[in-house]
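> Please see the structure below; I have some questions.
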Amino acid sequence: MTADEIRTIAVVGAGTMGSQIAYQVALSGYPVHLYSRSNERLTSAVGHCGKLLLKRVEKGKLEQTDCDAAMERVSTTTDLAEACGSADLVIKSVAEDRRLKRDMFSAISEVAPEHAILATNSSTMASSFFADCVRNPARLLNLHFFNPAMVMQLVEVVRGPHTAEDTVTTAMEFARRIGKTPVLVNKEAYGFVANRIAFIAMQEAFKLVEEGVVSMEDADLAVRNGLGWPMGMFELADLVGLDVTENILSQGHYQTGEERWRPTPILTDHVARGELGRKTGRGFYPSR
Ligand code: 3HC
């Protein structure tokens, strides 16, 4: 299938990532079916993304008519068959739970058209984990977006051993058509590329603070002012979510066996207290 043949998109999962992916795709002119099991989550996704788009209109970065058109292109549903039945590309963005993801892929594969490309936005699970759940693994791969998905340019296109060449080419072109910069990841290495670099750097920042070498605030200042990264590692963890960060690290430890991924107390203690970052109003820092 070519990128020209991708006309309708389904996004499965309306959390932080799924909802922004849906609206990014809609901004680029595609009709999108956004699926969640929960009506409340769908309402909240529409409300939150609507506000983000309105802000762009207020700042003069988006025409009101383009904002309205994008809002109209997203239809929401709690019916998976309705979401995926006419989709040429399904992007799944549900919680990082292997059993849940496998069940979702089996269900999606039953209701999506034979020709549809099935993509997972998972950061910790390569598409190989799901290859036996779908009818056509040649059409399966990872499309990995970054938070916030309407802002960050990168999409990692991760080739699995089962992924057909034309699926990879089409996914790369699709990412360009939705205004993103795709990077092709040729092997299913843990963390792919950007997370592999960022989360190991984050581990170093955590260790430096735990060892008393530097304060958290100064570690973040060093990264921002010395490396020119937009956020320090503690700020980044708060944005991503400390529970998500812990999961990425512990999956890294579990899947690679490498000690460098093992989450350390500075992180796990916050998670145990329910201080999960911006989403709970407090993580390493109180939310602004
Ligand atoms: N959702 C949507 N848009 C957001 C946003 C959010 N949560 N936060 C900020 N924005 C938008 C703002 O509206 C603004 O848009 P505009 O340019 O159209 O006006 C733009 O982003 C810049 O925001 P601000 O001016 O408020 O603030 P900054 O200039 O500090 O930028 C940032 C904020 C874009 C988040 C920037 O700090 C940044 O790039 N941080 C690094 C983020 C990062 O590394 N993300 C990757 C995390 S790892 C990951 O996602 C992988 C996954 O597997 C976990």
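Within each chain, counting starts at residue 1; across the structure tokens, chains are named A, B, ... in the order shown, with ligands numbered 1 upward in that order.
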Taking only C-alpha atoms and all ligand atoms into account, report as a PyMOL selection string which residues have an atom no farther than 9 Å from an atom of ligand 1.

chain A and resi 16-17+20+48-49+52-53+55-57+59+61-62+121-124+144-152+154+191+194-195+198-199+229-233+235-237+239-241+244-245+248

> Find the residues near Asp4 of chain A: any atom within 10 Å, counting only C-alpha atoms, skip ones fewer than 4 places away on the same chain, and give them as a ChimeraX atom specification.

/A:170,173-174

> Please, could you write that set of residues out with C-alpha atoms as a compact mmCIF listing (two decimals), in the first residue's frame?


```txt
# COMPACT_ATOMS: atom_id res chain seq x y z
CA THR A 170 4.43 4.09 3.43
CA GLU A 173 5.86 8.99 3.94
CA PHE A 174 2.74 9.17 6.10
```

> Compile the contact shell of Ile9 of chain A as a PyMOL selection string: residues with an atom at most 8 Å away, counting only C-alpha atoms, same-chain residues fewer than 6 positions apart removed.

chain A and resi 30-33+84+87-91

> Can I get the selected residues back with N, CA and C atoms, as an mmCIF file, in the first residue's frame?


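Contents of the output file selection.cif:
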```cif
data_model
loop_
_atom_site.group_PDB
_atom_site.id
_atom_site.type_symbol
_atom_site.label_atom_id
_atom_site.label_comp_id
_atom_site.auth_asym_id
_atom_site.auth_seq_id
_atom_site.Cartn_x
_atom_site.Cartn_y
_atom_site.Cartn_z
ATOM 1 N N TYR A 30 -6.636 14.520 7.385
ATOM 2 C CA TYR A 30 -7.197 13.162 7.379
ATOM 3 C C TYR A 30 -8.404 13.053 8.316
ATOM 4 N N PRO A 31 -9.452 12.342 7.869
ATOM 5 C CA PRO A 31 -10.502 11.996 8.835
ATOM 6 C C PRO A 31 -9.974 10.973 9.834
ATOM 7 N N VAL A 32 -10.318 11.146 11.092
ATOM 8 C CA VAL A 32 -9.786 10.282 12.162
ATOM 9 C C VAL A 32 -10.929 9.747 13.013
ATOM 10 N N HIS A 33 -10.906 8.455 13.261
ATOM 11 C CA HIS A 33 -11.812 7.871 14.251
ATOM 12 C C HIS A 33 -11.000 7.648 15.513
ATOM 13 N N CYS A 84 -12.283 1.181 13.501
ATOM 14 C CA CYS A 84 -11.243 0.584 12.644
ATOM 15 C C CYS A 84 -11.778 0.007 11.340
ATOM 16 N N ALA A 87 -10.592 1.892 8.347
ATOM 17 C CA ALA A 87 -9.282 2.556 8.483
ATOM 18 C C ALA A 87 -8.232 1.913 7.574
ATOM 19 N N ASP A 88 -7.423 2.771 6.959
ATOM 20 C CA ASP A 88 -6.287 2.289 6.163
ATOM 21 C C ASP A 88 -5.042 2.187 7.043
ATOM 22 N N LEU A 89 -5.076 2.935 8.142
ATOM 23 C CA LEU A 89 -3.969 2.901 9.109
ATOM 24 C C LEU A 89 -4.576 2.992 10.502
ATOM 25 N N VAL A 90 -4.186 2.075 11.359
ATOM 26 C CA VAL A 90 -4.634 2.107 12.757
ATOM 27 C C VAL A 90 -3.407 2.380 13.625
ATOM 28 N N ILE A 91 -3.497 3.434 14.455
ATOM 29 C CA ILE A 91 -2.392 3.720 15.384
ATOM 30 C C ILE A 91 -2.897 3.428 16.785
#
```

> Taking the DSSP assignment computed from this structure's backbone, write out as a ChimeraX atom specification all residues of segment 237-284 of chain A that belong to helix (DSSP H, G or I).

/A:237-240,242-256,259-261,265-272,278-280

> Given the choices A:Thr256, A:Phe206, A:Ala138, A:Val214, which gets closest to Phe234 of chain A if the distance is worked out from only C-alpha atoms?

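The shortest atom-to-atom distance to Phe234 of chain A comes from A:Phe206.
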
> Calculate how many Å separate atom CA of Glu165 of chain A from atom CA of Met104 of chain A, rounding to one decimal.

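Separation between atom CA of Glu165 of chain A and atom CA of Met104 of chain A: 24.3 Å.
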
> Calculated over only C-alpha atoms, which of the candidates A:Asn136, A:Ser86, A:Thr78, A:Asn142 has the smallest distance to Lys187 of chain A?

A:Asn142

> Kindly indicate which residue among A:Ala14, A:Phe129, A:Asp79, A:Leu242 lies nearest to Thr268 of chain A, using only C-alpha atoms for the distances.

A:Leu242

> Between A:Ala222, A:Ala116, A:Leu80, A:Leu27, which is the closest to Gln64 of chain A once you count only C-alpha atoms?

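Closest to Gln64 of chain A of all the choices is A:Leu27.
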
> Using only C-alpha atoms, which of A:Thr264, A:Thr2, A:Asn225, A:Ser109 sits nearest Glu246 of chain A?

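So, comparing all the options, the nearest one is A:Thr264.
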